[in-house]
Amino acid sequence: MHSALNRAQAVFGFFTTVAMFVAGLAALSVLLYPTDATTADVVLKDVKVTKGRPHYYSTKKEEYAQIRFDLDADLTPLFNWNTKQLFVYVYASYSSSDKTSTRLPNSEAIIWDTIIPAPESPYSFAALRERFFPEKPKSQKRSPAKKTKKDAAAEPGVLRLRGQRAKYQIGDITGRLAERSNVTLSVGWNVQPWVGALWWSPATGAVPRTAGAVHSSKPFDFPALKTKAPPKEQAAV
């Protein structure tokens, strides 16, 4: 005869084994959802280089770049039943030195990011409670037609941004950034599942990574630093 403690340990061990097996199947099930239709395209809208204190904790003035861009992305194929949320970011790749003769690898800096949560499952606890035990509306100010139209327009994974201002400014450890060459903007993402490994965008080169077409912007150069024009001499009387 086994004691109650031994039986509890056996039941807990069997439950843990089954849970790990089910979790492994859930992690591998994402391979059944193709992501080839994923597309992302970013285009430079405007860029300027300013000298000042980019952050409130900066101790000295330095050059930093401010960028605006257009983003068109369809990331809906990345959402499946095992997706918790999607982390999307736009990063800039530029020369690591202002000297063109150096062979240093390019520097990369994230200028914008966002988190897109997965849509709520129709079998979640909140959805089932609303379905079988709906709450009475407190007010009738909003019409059902307007609410349905708003919910239909909010499709997760579709981004259409025009003239989007970067959240983060680009700086350099040298304090000089003007006239850097071969600058490109790219889109990256990270799929965060409920169970399993993190999946990265194909442009990052990380493993595992999703499929899809990611188009970077055309190469451009950071403009020269704008300086104040000297005061004009007064004309002789």
# chains A, B, ... in the order shown; residues from 1 in each chain; ligands from 1
call {"tool": "residues_around", "arguments": {"residues": "A:Asp74", "least_positions_apart": "2", "cutoff": "9 Å", "atoms": "only C-alpha atoms", "output": "number ranges by chain"}}
result
A: 37-40, 72, 76-77, 157-160
call {"tool": "write_last_selection", "arguments": {"atoms": "C-alpha atoms", "output": "PDB file, in the first residue's frame"}}
result
ATOM      1  CA  ALA A  37       1.923  35.997 -47.423  1.00  0.00           C
ATOM      2  CA  THR A  38       3.443  38.327 -44.824  1.00  0.00           C
ATOM      3  CA  THR A  39       4.543  41.646 -46.362  1.00  0.00           C
ATOM      4  CA  ALA A  40       6.210  44.767 -44.989  1.00  0.00           C
ATOM      5  CA  ASP A  72       2.677  49.422 -45.133  1.00  0.00           C
ATOM      6  CA  THR A  76      -2.097  38.862 -40.329  1.00  0.00           C
ATOM      7  CA  PRO A  77      -0.519  35.492 -41.380  1.00  0.00           C
ATOM      8  CA  GLY A 157      -1.636  42.935 -38.030  1.00  0.00           C
ATOM      9  CA  VAL A 158      -2.444  45.526 -40.727  1.00  0.00           C
ATOM     10  CA  LEU A 159      -0.378  48.720 -40.449  1.00  0.00           C
ATOM     11  CA  ARG A 160      -0.876  51.763 -42.671  1.00  0.00           C
TER      12      ARG A 160
END
call {"tool": "closest_atom_pairs", "arguments": {"of": "stretch 33-113 of chain A", "to": "stretch 195-199 of chain A", "cutoff": "12 Å", "atoms": "only C-alpha atoms", "output": "Markdown table"}}
result
| residue | atom | partner | partner_atom | distance |
| --- | --- | --- | --- | --- |
| A:Thr35 | CA | A:Trp199 | CA | 11.2 |
| A:Leu78 | CA | A:Trp199 | CA | 9.5 |
| A:Phe79 | CA | A:Trp199 | CA | 11.6 |
| A:Trp81 | CA | A:Val195 | CA | 10.6 |
| A:Asn82 | CA | A:Val195 | CA | 6.9 |
| A:Thr83 | CA | A:Val195 | CA | 8.4 |
| A:Lys84 | CA | A:Val195 | CA | 8.9 |
| A:Gln85 | CA | A:Leu198 | CA | 10.7 |
| A:Leu86 | CA | A:Trp199 | CA | 9.7 |
| A:Phe87 | CA | A:Trp199 | CA | 10.4 |
| A:Val88 | CA | A:Trp199 | CA | 11.9 |
call {"tool": "closest_residue", "arguments": {"among": "A:Thr50, A:Gln9, A:Gln169, A:Thr184", "to": "A:Pro223", "atoms": "only C-alpha atoms"}}
result
A:Thr50
call {"tool": "select_by_dssp", "arguments": {"residues": "stretch 4-208 of chain A", "states": "helix (DSSP H, G or I)", "output": "number ranges by chain"}}
result
A: 4-32, 76-78, 125-132, 144-153, 202-204
call {"tool": "atom_distance", "arguments": {"atom1": "atom CA of A:Ala23", "atom2": "atom CA of A:Asp36"}}
result
25.0 Å
call {"tool": "closest_residue", "arguments": {"among": "A:Gln66, A:Asn80, A:Gln192, A:Ser186", "to": "A:Ala213", "atoms": "only C-alpha atoms"}}
result
A:Ser186
call {"tool": "atom_distance", "arguments": {"atom1": "atom CA of A:Val42", "atom2": "atom CA of A:Ser201"}}
result
14.4 Å
call {"tool": "atom_distance", "arguments": {"atom1": "atom CA of A:Lys61", "atom2": "atom CA of A:Val49"}}
result
12.7 Å
call {"tool": "closest_residue", "arguments": {"among": "A:Tyr89, A:Trp112, A:Phe222, A:Phe132", "to": "A:Asp46", "atoms": "only C-alpha atoms"}}
result
A:Phe222
call {"tool": "closest_residue", "arguments": {"among": "A:Tyr168, A:Tyr33, A:Phe14, A:Phe133", "to": "A:Tyr64", "atoms": "only C-alpha atoms"}}
result
A:Tyr168
call {"tool": "select_by_dssp", "arguments": {"residues": "stretch 19-214 of chain A", "states": "strand (DSSP E)", "output": "mmCIF file with N, CA, C and O atoms, in the first residue's frame"}}
result
data_model
loop_
_atom_site.group_PDB
_atom_site.id
_atom_site.type_symbol
_atom_site.label_atom_id
_atom_site.label_comp_id
_atom_site.auth_asym_id
_atom_site.auth_seq_id
_atom_site.Cartn_x
_atom_site.Cartn_y
_atom_site.Cartn_z
ATOM 1 N N THR A 39 3.862 40.593 -45.602
ATOM 2 C CA THR A 39 4.543 41.646 -46.362
ATOM 3 C C THR A 39 4.788 42.849 -45.464
ATOM 4 O O THR A 39 3.997 43.142 -44.557
ATOM 5 N N ALA A 40 5.873 43.549 -45.723
ATOM 6 C CA ALA A 40 6.210 44.767 -44.989
ATOM 7 C C ALA A 40 7.065 45.649 -45.882
ATOM 8 O O ALA A 40 8.027 45.168 -46.494
ATOM 9 N N ASP A 41 6.708 46.927 -45.947
ATOM 10 C CA ASP A 41 7.415 47.871 -46.811
ATOM 11 C C ASP A 41 7.508 49.208 -46.080
ATOM 12 O O ASP A 41 6.494 49.731 -45.622
ATOM 13 N N VAL A 42 8.711 49.734 -45.972
ATOM 14 C CA VAL A 42 8.932 51.011 -45.308
ATOM 15 C C VAL A 42 9.633 51.960 -46.265
ATOM 16 O O VAL A 42 10.531 51.551 -47.015
ATOM 17 N N VAL A 43 9.196 53.222 -46.271
ATOM 18 C CA VAL A 43 9.731 54.239 -47.172
ATOM 19 C C VAL A 43 10.073 55.480 -46.345
ATOM 20 O O VAL A 43 9.277 55.895 -45.486
ATOM 21 N N LEU A 44 11.238 56.054 -46.616
ATOM 22 C CA LEU A 44 11.641 57.273 -45.927
ATOM 23 C C LEU A 44 10.781 58.445 -46.374
ATOM 24 O O LEU A 44 10.549 58.644 -47.563
ATOM 25 N N LYS A 45 10.319 59.232 -45.411
ATOM 26 C CA LYS A 45 9.518 60.416 -45.697
ATOM 27 C C LYS A 45 10.322 61.686 -45.501
ATOM 28 O O LYS A 45 10.297 62.586 -46.344
ATOM 29 N N ASP A 46 11.054 61.793 -44.409
ATOM 30 C CA ASP A 46 11.834 62.999 -44.132
ATOM 31 C C ASP A 46 12.889 62.656 -43.096
ATOM 32 O O ASP A 46 12.679 61.788 -42.233
ATOM 33 N N VAL A 47 14.027 63.332 -43.177
ATOM 34 C CA VAL A 47 15.105 63.139 -42.208
ATOM 35 C C VAL A 47 15.855 64.448 -42.039
ATOM 36 O O VAL A 47 16.056 65.188 -43.013
ATOM 37 N N LYS A 48 16.235 64.743 -40.828
ATOM 38 C CA LYS A 48 17.040 65.920 -40.546
ATOM 39 C C LYS A 48 17.939 65.643 -39.349
ATOM 40 O O LYS A 48 17.601 64.836 -38.481
ATOM 41 N N VAL A 49 19.069 66.299 -39.325
ATOM 42 C CA VAL A 49 20.052 66.146 -38.255
ATOM 43 C C VAL A 49 20.125 67.439 -37.466
ATOM 44 O O VAL A 49 20.281 68.521 -38.047
ATOM 45 N N THR A 50 20.014 67.334 -36.152
ATOM 46 C CA THR A 50 20.025 68.485 -35.254
ATOM 47 C C THR A 50 21.098 68.287 -34.204
ATOM 48 O O THR A 50 21.423 67.150 -33.839
ATOM 49 N N LYS A 51 21.639 69.385 -33.711
ATOM 50 C CA LYS A 51 22.610 69.331 -32.634
ATOM 51 C C LYS A 51 22.000 69.924 -31.375
ATOM 52 O O LYS A 51 21.485 71.034 -31.384
ATOM 53 N N GLY A 52 22.035 69.144 -30.314
ATOM 54 C CA GLY A 52 21.474 69.588 -29.042
ATOM 55 C C GLY A 52 21.536 68.455 -28.042
ATOM 56 O O GLY A 52 22.355 67.537 -28.161
ATOM 57 N N GLU A 62 25.026 66.962 -28.728
ATOM 58 C CA GLU A 62 25.503 66.039 -29.741
ATOM 59 C C GLU A 62 24.535 66.037 -30.913
ATOM 60 O O GLU A 62 23.415 66.554 -30.823
ATOM 61 N N GLU A 63 24.965 65.455 -32.000
ATOM 62 C CA GLU A 63 24.141 65.398 -33.201
ATOM 63 C C GLU A 63 23.222 64.173 -33.127
ATOM 64 O O GLU A 63 23.660 63.084 -32.755
ATOM 65 N N TYR A 64 21.974 64.365 -33.493
ATOM 66 C CA TYR A 64 21.023 63.264 -33.530
ATOM 67 C C TYR A 64 20.072 63.481 -34.696
ATOM 68 O O TYR A 64 19.845 64.597 -35.144
ATOM 69 N N ALA A 65 19.532 62.363 -35.199
ATOM 70 C CA ALA A 65 18.683 62.387 -36.388
ATOM 71 C C ALA A 65 17.233 62.169 -36.005
ATOM 72 O O ALA A 65 16.917 61.354 -35.130
ATOM 73 N N GLN A 66 16.355 62.882 -36.679
ATOM 74 C CA GLN A 66 14.919 62.725 -36.541
ATOM 75 C C GLN A 66 14.360 62.276 -37.883
ATOM 76 O O GLN A 66 14.613 62.905 -38.911
ATOM 77 N N ILE A 67 13.581 61.197 -37.868
ATOM 78 C CA ILE A 67 13.140 60.547 -39.101
ATOM 79 C C ILE A 67 11.622 60.424 -39.098
ATOM 80 O O ILE A 67 11.003 60.166 -38.067
ATOM 81 N N ARG A 68 11.056 60.605 -40.278
ATOM 82 C CA ARG A 68 9.650 60.295 -40.540
ATOM 83 C C ARG A 68 9.585 59.279 -41.676
ATOM 84 O O ARG A 68 10.381 59.350 -42.619
ATOM 85 N N PHE A 69 8.636 58.360 -41.600
ATOM 86 C CA PHE A 69 8.578 57.278 -42.577
ATOM 87 C C PHE A 69 7.127 56.877 -42.836
ATOM 88 O O PHE A 69 6.214 57.196 -42.060
ATOM 89 N N ASP A 70 6.940 56.160 -43.951
ATOM 90 C CA ASP A 70 5.660 55.533 -44.301
ATOM 91 C C ASP A 70 5.822 54.028 -44.167
ATOM 92 O O ASP A 70 6.833 53.462 -44.612
ATOM 93 N N LEU A 71 4.834 53.393 -43.577
ATOM 94 C CA LEU A 71 4.903 51.948 -43.336
ATOM 95 C C LEU A 71 3.623 51.281 -43.828
ATOM 96 O O LEU A 71 2.518 51.707 -43.478
ATOM 97 N N ASP A 72 3.775 50.265 -44.666
ATOM 98 C CA ASP A 72 2.677 49.422 -45.133
ATOM 99 C C ASP A 72 3.043 47.979 -44.819
ATOM 100 O O ASP A 72 4.037 47.464 -45.360
ATOM 101 N N ALA A 73 2.251 47.353 -43.965
ATOM 102 C CA ALA A 73 2.558 45.983 -43.558
ATOM 103 C C ALA A 73 1.268 45.196 -43.374
ATOM 104 O O ALA A 73 0.272 45.720 -42.866
ATOM 105 N N ASP A 74 1.301 43.944 -43.807
ATOM 106 C CA ASP A 74 0.220 42.995 -43.591
ATOM 107 C C ASP A 74 0.802 41.800 -42.847
ATOM 108 O O ASP A 74 1.420 40.912 -43.443
ATOM 109 N N THR A 83 -0.533 32.356 -30.893
ATOM 110 C CA THR A 83 0.132 33.661 -30.843
ATOM 111 C C THR A 83 -0.432 34.493 -29.691
ATOM 112 O O THR A 83 -1.643 34.694 -29.613
ATOM 113 N N LYS A 84 0.446 34.965 -28.844
ATOM 114 C CA LYS A 84 0.037 35.829 -27.730
ATOM 115 C C LYS A 84 0.057 37.294 -28.147
ATOM 116 O O LYS A 84 -0.910 38.028 -27.954
ATOM 117 N N GLN A 85 1.155 37.734 -28.731
ATOM 118 C CA GLN A 85 1.279 39.105 -29.186
ATOM 119 C C GLN A 85 2.417 39.192 -30.194
ATOM 120 O O GLN A 85 3.230 38.271 -30.324
ATOM 121 N N LEU A 86 2.438 40.314 -30.889
ATOM 122 C CA LEU A 86 3.431 40.541 -31.942
ATOM 123 C C LEU A 86 4.147 41.857 -31.663
ATOM 124 O O LEU A 86 3.498 42.890 -31.493
ATOM 125 N N PHE A 87 5.461 41.795 -31.606
ATOM 126 C CA PHE A 87 6.295 42.979 -31.392
ATOM 127 C C PHE A 87 6.874 43.397 -32.738
ATOM 128 O O PHE A 87 7.650 42.662 -33.347
ATOM 129 N N VAL A 88 6.473 44.574 -33.209
ATOM 130 C CA VAL A 88 6.895 45.093 -34.515
ATOM 131 C C VAL A 88 7.775 46.312 -34.292
ATOM 132 O O VAL A 88 7.470 47.151 -33.430
ATOM 133 N N TYR A 89 8.850 46.421 -35.069
ATOM 134 C CA TYR A 89 9.757 47.552 -34.913
ATOM 135 C C TYR A 89 10.354 47.937 -36.266
ATOM 136 O O TYR A 89 10.443 47.118 -37.183
ATOM 137 N N VAL A 90 10.729 49.205 -36.359
ATOM 138 C CA VAL A 90 11.428 49.747 -37.522
ATOM 139 C C VAL A 90 12.812 50.185 -37.060
ATOM 140 O O VAL A 90 12.928 50.918 -36.062
ATOM 141 N N TYR A 91 13.833 49.732 -37.739
ATOM 142 C CA TYR A 91 15.197 50.060 -37.337
ATOM 143 C C TYR A 91 15.975 50.633 -38.518
ATOM 144 O O TYR A 91 15.689 50.336 -39.678
ATOM 145 N N ALA A 92 16.949 51.468 -38.175
ATOM 146 C CA ALA A 92 17.804 52.110 -39.173
ATOM 147 C C ALA A 92 19.198 51.490 -39.114
ATOM 148 O O ALA A 92 19.738 51.250 -38.029
ATOM 149 N N SER A 93 19.750 51.233 -40.278
ATOM 150 C CA SER A 93 21.106 50.715 -40.407
ATOM 151 C C SER A 93 21.953 51.767 -41.103
ATOM 152 O O SER A 93 21.596 52.225 -42.197
ATOM 153 N N TYR A 94 23.058 52.157 -40.474
ATOM 154 C CA TYR A 94 23.884 53.225 -41.021
ATOM 155 C C TYR A 94 25.349 52.937 -40.746
ATOM 156 O O TYR A 94 25.696 52.061 -39.936
ATOM 157 N N SER A 107 25.976 50.083 -37.988
ATOM 158 C CA SER A 107 25.259 50.165 -36.725
ATOM 159 C C SER A 107 23.764 50.096 -36.989
ATOM 160 O O SER A 107 23.285 50.527 -38.046
ATOM 161 N N GLU A 108 23.017 49.563 -36.035
ATOM 162 C CA GLU A 108 21.567 49.457 -36.141
ATOM 163 C C GLU A 108 20.928 50.059 -34.902
ATOM 164 O O GLU A 108 21.410 49.857 -33.787
ATOM 165 N N ALA A 109 19.844 50.801 -35.120
ATOM 166 C CA ALA A 109 19.149 51.461 -34.023
ATOM 167 C C ALA A 109 17.657 51.415 -34.302
ATOM 168 O O ALA A 109 17.213 51.726 -35.416
ATOM 169 N N ILE A 110 16.878 51.024 -33.305
ATOM 170 C CA ILE A 110 15.422 50.991 -33.428
ATOM 171 C C ILE A 110 14.892 52.409 -33.268
ATOM 172 O O ILE A 110 15.232 53.107 -32.314
ATOM 173 N N ILE A 111 14.055 52.828 -34.213
ATOM 174 C CA ILE A 111 13.498 54.177 -34.166
ATOM 175 C C ILE A 111 11.998 54.185 -33.846
ATOM 176 O O ILE A 111 11.446 55.233 -33.490
ATOM 177 N N TRP A 112 11.342 53.032 -33.980
ATOM 178 C CA TRP A 112 9.895 52.975 -33.715
ATOM 179 C C TRP A 112 9.516 51.535 -33.424
ATOM 180 O O TRP A 112 10.082 50.594 -33.998
ATOM 181 N N ASP A 113 8.568 51.329 -32.507
ATOM 182 C CA ASP A 113 8.092 49.983 -32.204
ATOM 183 C C ASP A 113 6.660 50.043 -31.688
ATOM 184 O O ASP A 113 6.167 51.104 -31.284
ATOM 185 N N THR A 114 6.016 48.907 -31.709
ATOM 186 C CA THR A 114 4.653 48.774 -31.201
ATOM 187 C C THR A 114 4.393 47.316 -30.878
ATOM 188 O O THR A 114 5.056 46.413 -31.414
ATOM 189 N N ILE A 115 3.414 47.072 -30.013
ATOM 190 C CA ILE A 115 2.991 45.726 -29.630
ATOM 191 C C ILE A 115 1.554 45.537 -30.089
ATOM 192 O O ILE A 115 0.678 46.332 -29.754
ATOM 193 N N ILE A 116 1.315 44.487 -30.868
ATOM 194 C CA ILE A 116 -0.016 44.176 -31.371
ATOM 195 C C ILE A 116 -0.502 42.908 -30.665
ATOM 196 O O ILE A 116 0.012 41.819 -30.946
ATOM 197 N N PRO A 117 -1.450 42.998 -29.763
ATOM 198 C CA PRO A 117 -1.952 41.783 -29.106
ATOM 199 C C PRO A 117 -2.808 40.960 -30.044
ATOM 200 O O PRO A 117 -3.444 41.491 -30.974
ATOM 201 N N VAL A 158 -2.491 44.659 -39.552
ATOM 202 C CA VAL A 158 -2.444 45.526 -40.727
ATOM 203 C C VAL A 158 -2.036 46.922 -40.285
ATOM 204 O O VAL A 158 -2.722 47.554 -39.477
ATOM 205 N N LEU A 159 -0.910 47.406 -40.811
ATOM 206 C CA LEU A 159 -0.378 48.720 -40.449
ATOM 207 C C LEU A 159 -0.322 49.586 -41.696
ATOM 208 O O LEU A 159 0.257 49.187 -42.711
ATOM 209 N N ARG A 160 -0.917 50.773 -41.601
ATOM 210 C CA ARG A 160 -0.876 51.763 -42.671
ATOM 211 C C ARG A 160 -0.540 53.104 -42.031
ATOM 212 O O ARG A 160 -1.413 53.819 -41.558
ATOM 213 N N LEU A 161 0.729 53.441 -42.022
ATOM 214 C CA LEU A 161 1.200 54.670 -41.379
ATOM 215 C C LEU A 161 1.729 55.616 -42.437
ATOM 216 O O LEU A 161 2.471 55.206 -43.334
ATOM 217 N N ARG A 162 1.385 56.881 -42.300
ATOM 218 C CA ARG A 162 1.828 57.908 -43.229
ATOM 219 C C ARG A 162 2.462 59.050 -42.437
ATOM 220 O O ARG A 162 1.837 59.624 -41.544
ATOM 221 N N GLY A 163 3.706 59.367 -42.788
ATOM 222 C CA GLY A 163 4.422 60.430 -42.103
ATOM 223 C C GLY A 163 4.609 60.157 -40.619
ATOM 224 O O GLY A 163 4.586 61.080 -39.807
ATOM 225 N N GLN A 164 4.810 58.888 -40.265
ATOM 226 C CA GLN A 164 4.960 58.512 -38.873
ATOM 227 C C GLN A 164 6.287 59.050 -38.310
ATOM 228 O O GLN A 164 7.347 58.853 -38.895
ATOM 229 N N ARG A 165 6.186 59.710 -37.181
ATOM 230 C CA ARG A 165 7.387 60.237 -36.534
ATOM 231 C C ARG A 165 8.025 59.158 -35.682
ATOM 232 O O ARG A 165 7.345 58.408 -34.985
ATOM 233 N N THR A 184 19.672 52.880 -44.327
ATOM 234 C CA THR A 184 18.457 52.202 -44.781
ATOM 235 C C THR A 184 17.524 51.964 -43.600
ATOM 236 O O THR A 184 17.980 51.812 -42.458
ATOM 237 N N LEU A 185 16.236 51.927 -43.887
ATOM 238 C CA LEU A 185 15.213 51.599 -42.908
ATOM 239 C C LEU A 185 14.636 50.224 -43.225
ATOM 240 O O LEU A 185 14.378 49.903 -44.385
ATOM 241 N N SER A 186 14.449 49.423 -42.188
ATOM 242 C CA SER A 186 13.921 48.072 -42.357
ATOM 243 C C SER A 186 12.879 47.796 -41.278
ATOM 244 O O SER A 186 12.828 48.479 -40.253
ATOM 245 N N VAL A 187 12.066 46.783 -41.539
ATOM 246 C CA VAL A 187 11.011 46.373 -40.614
ATOM 247 C C VAL A 187 11.358 45.003 -40.050
ATOM 248 O O VAL A 187 11.789 44.101 -40.784
ATOM 249 N N GLY A 188 11.175 44.845 -38.762
ATOM 250 C CA GLY A 188 11.380 43.565 -38.103
ATOM 251 C C GLY A 188 10.240 43.266 -37.153
ATOM 252 O O GLY A 188 9.492 44.166 -36.757
ATOM 253 N N TRP A 189 10.092 42.012 -36.793
ATOM 254 C CA TRP A 189 9.065 41.635 -35.829
ATOM 255 C C TRP A 189 9.504 40.409 -35.045
ATOM 256 O O TRP A 189 10.430 39.698 -35.416
ATOM 257 N N ASN A 190 8.821 40.203 -33.953
ATOM 258 C CA ASN A 190 9.067 39.066 -33.079
ATOM 259 C C ASN A 190 7.717 38.505 -32.652
ATOM 260 O O ASN A 190 6.931 39.198 -31.999
ATOM 261 N N VAL A 191 7.442 37.265 -33.048
ATOM 262 C CA VAL A 191 6.185 36.601 -32.696
ATOM 263 C C VAL A 191 6.372 35.938 -31.336
ATOM 264 O O VAL A 191 7.223 35.050 -31.183
ATOM 265 N N GLN A 192 5.576 36.362 -30.370
ATOM 266 C CA GLN A 192 5.653 35.820 -29.007
ATOM 267 C C GLN A 192 4.464 34.891 -28.784
ATOM 268 O O GLN A 192 3.333 35.335 -28.638
ATOM 269 N N PRO A 193 4.701 33.569 -28.742
ATOM 270 C CA PRO A 193 3.602 32.610 -28.609
ATOM 271 C C PRO A 193 3.249 32.369 -27.134
ATOM 272 O O PRO A 193 3.976 32.771 -26.221
ATOM 273 N N TRP A 199 9.625 33.588 -32.642
ATOM 274 C CA TRP A 199 9.890 33.586 -34.076
ATOM 275 C C TRP A 199 10.224 35.004 -34.522
ATOM 276 O O TRP A 199 9.543 35.954 -34.148
ATOM 277 N N TRP A 200 11.288 35.137 -35.338
ATOM 278 C CA TRP A 200 11.775 36.437 -35.769
ATOM 279 C C TRP A 200 11.482 36.648 -37.248
ATOM 280 O O TRP A 200 11.169 35.703 -37.982
ATOM 281 N N ALA A 213 7.851 38.651 -47.239
ATOM 282 C CA ALA A 213 8.598 39.615 -48.051
ATOM 283 C C ALA A 213 8.750 40.913 -47.271
ATOM 284 O O ALA A 213 7.768 41.581 -46.972
ATOM 285 N N VAL A 214 10.001 41.255 -46.942
ATOM 286 C CA VAL A 214 10.322 42.486 -46.222
ATOM 287 C C VAL A 214 11.150 43.364 -47.142
ATOM 288 O O VAL A 214 12.247 42.973 -47.565
#
call {"tool": "closest_residue", "arguments": {"among": "A:Arg180, A:His2, A:Arg129, A:Lys167", "to": "A:Leu225", "atoms": "only C-alpha atoms"}}
result
A:Arg180
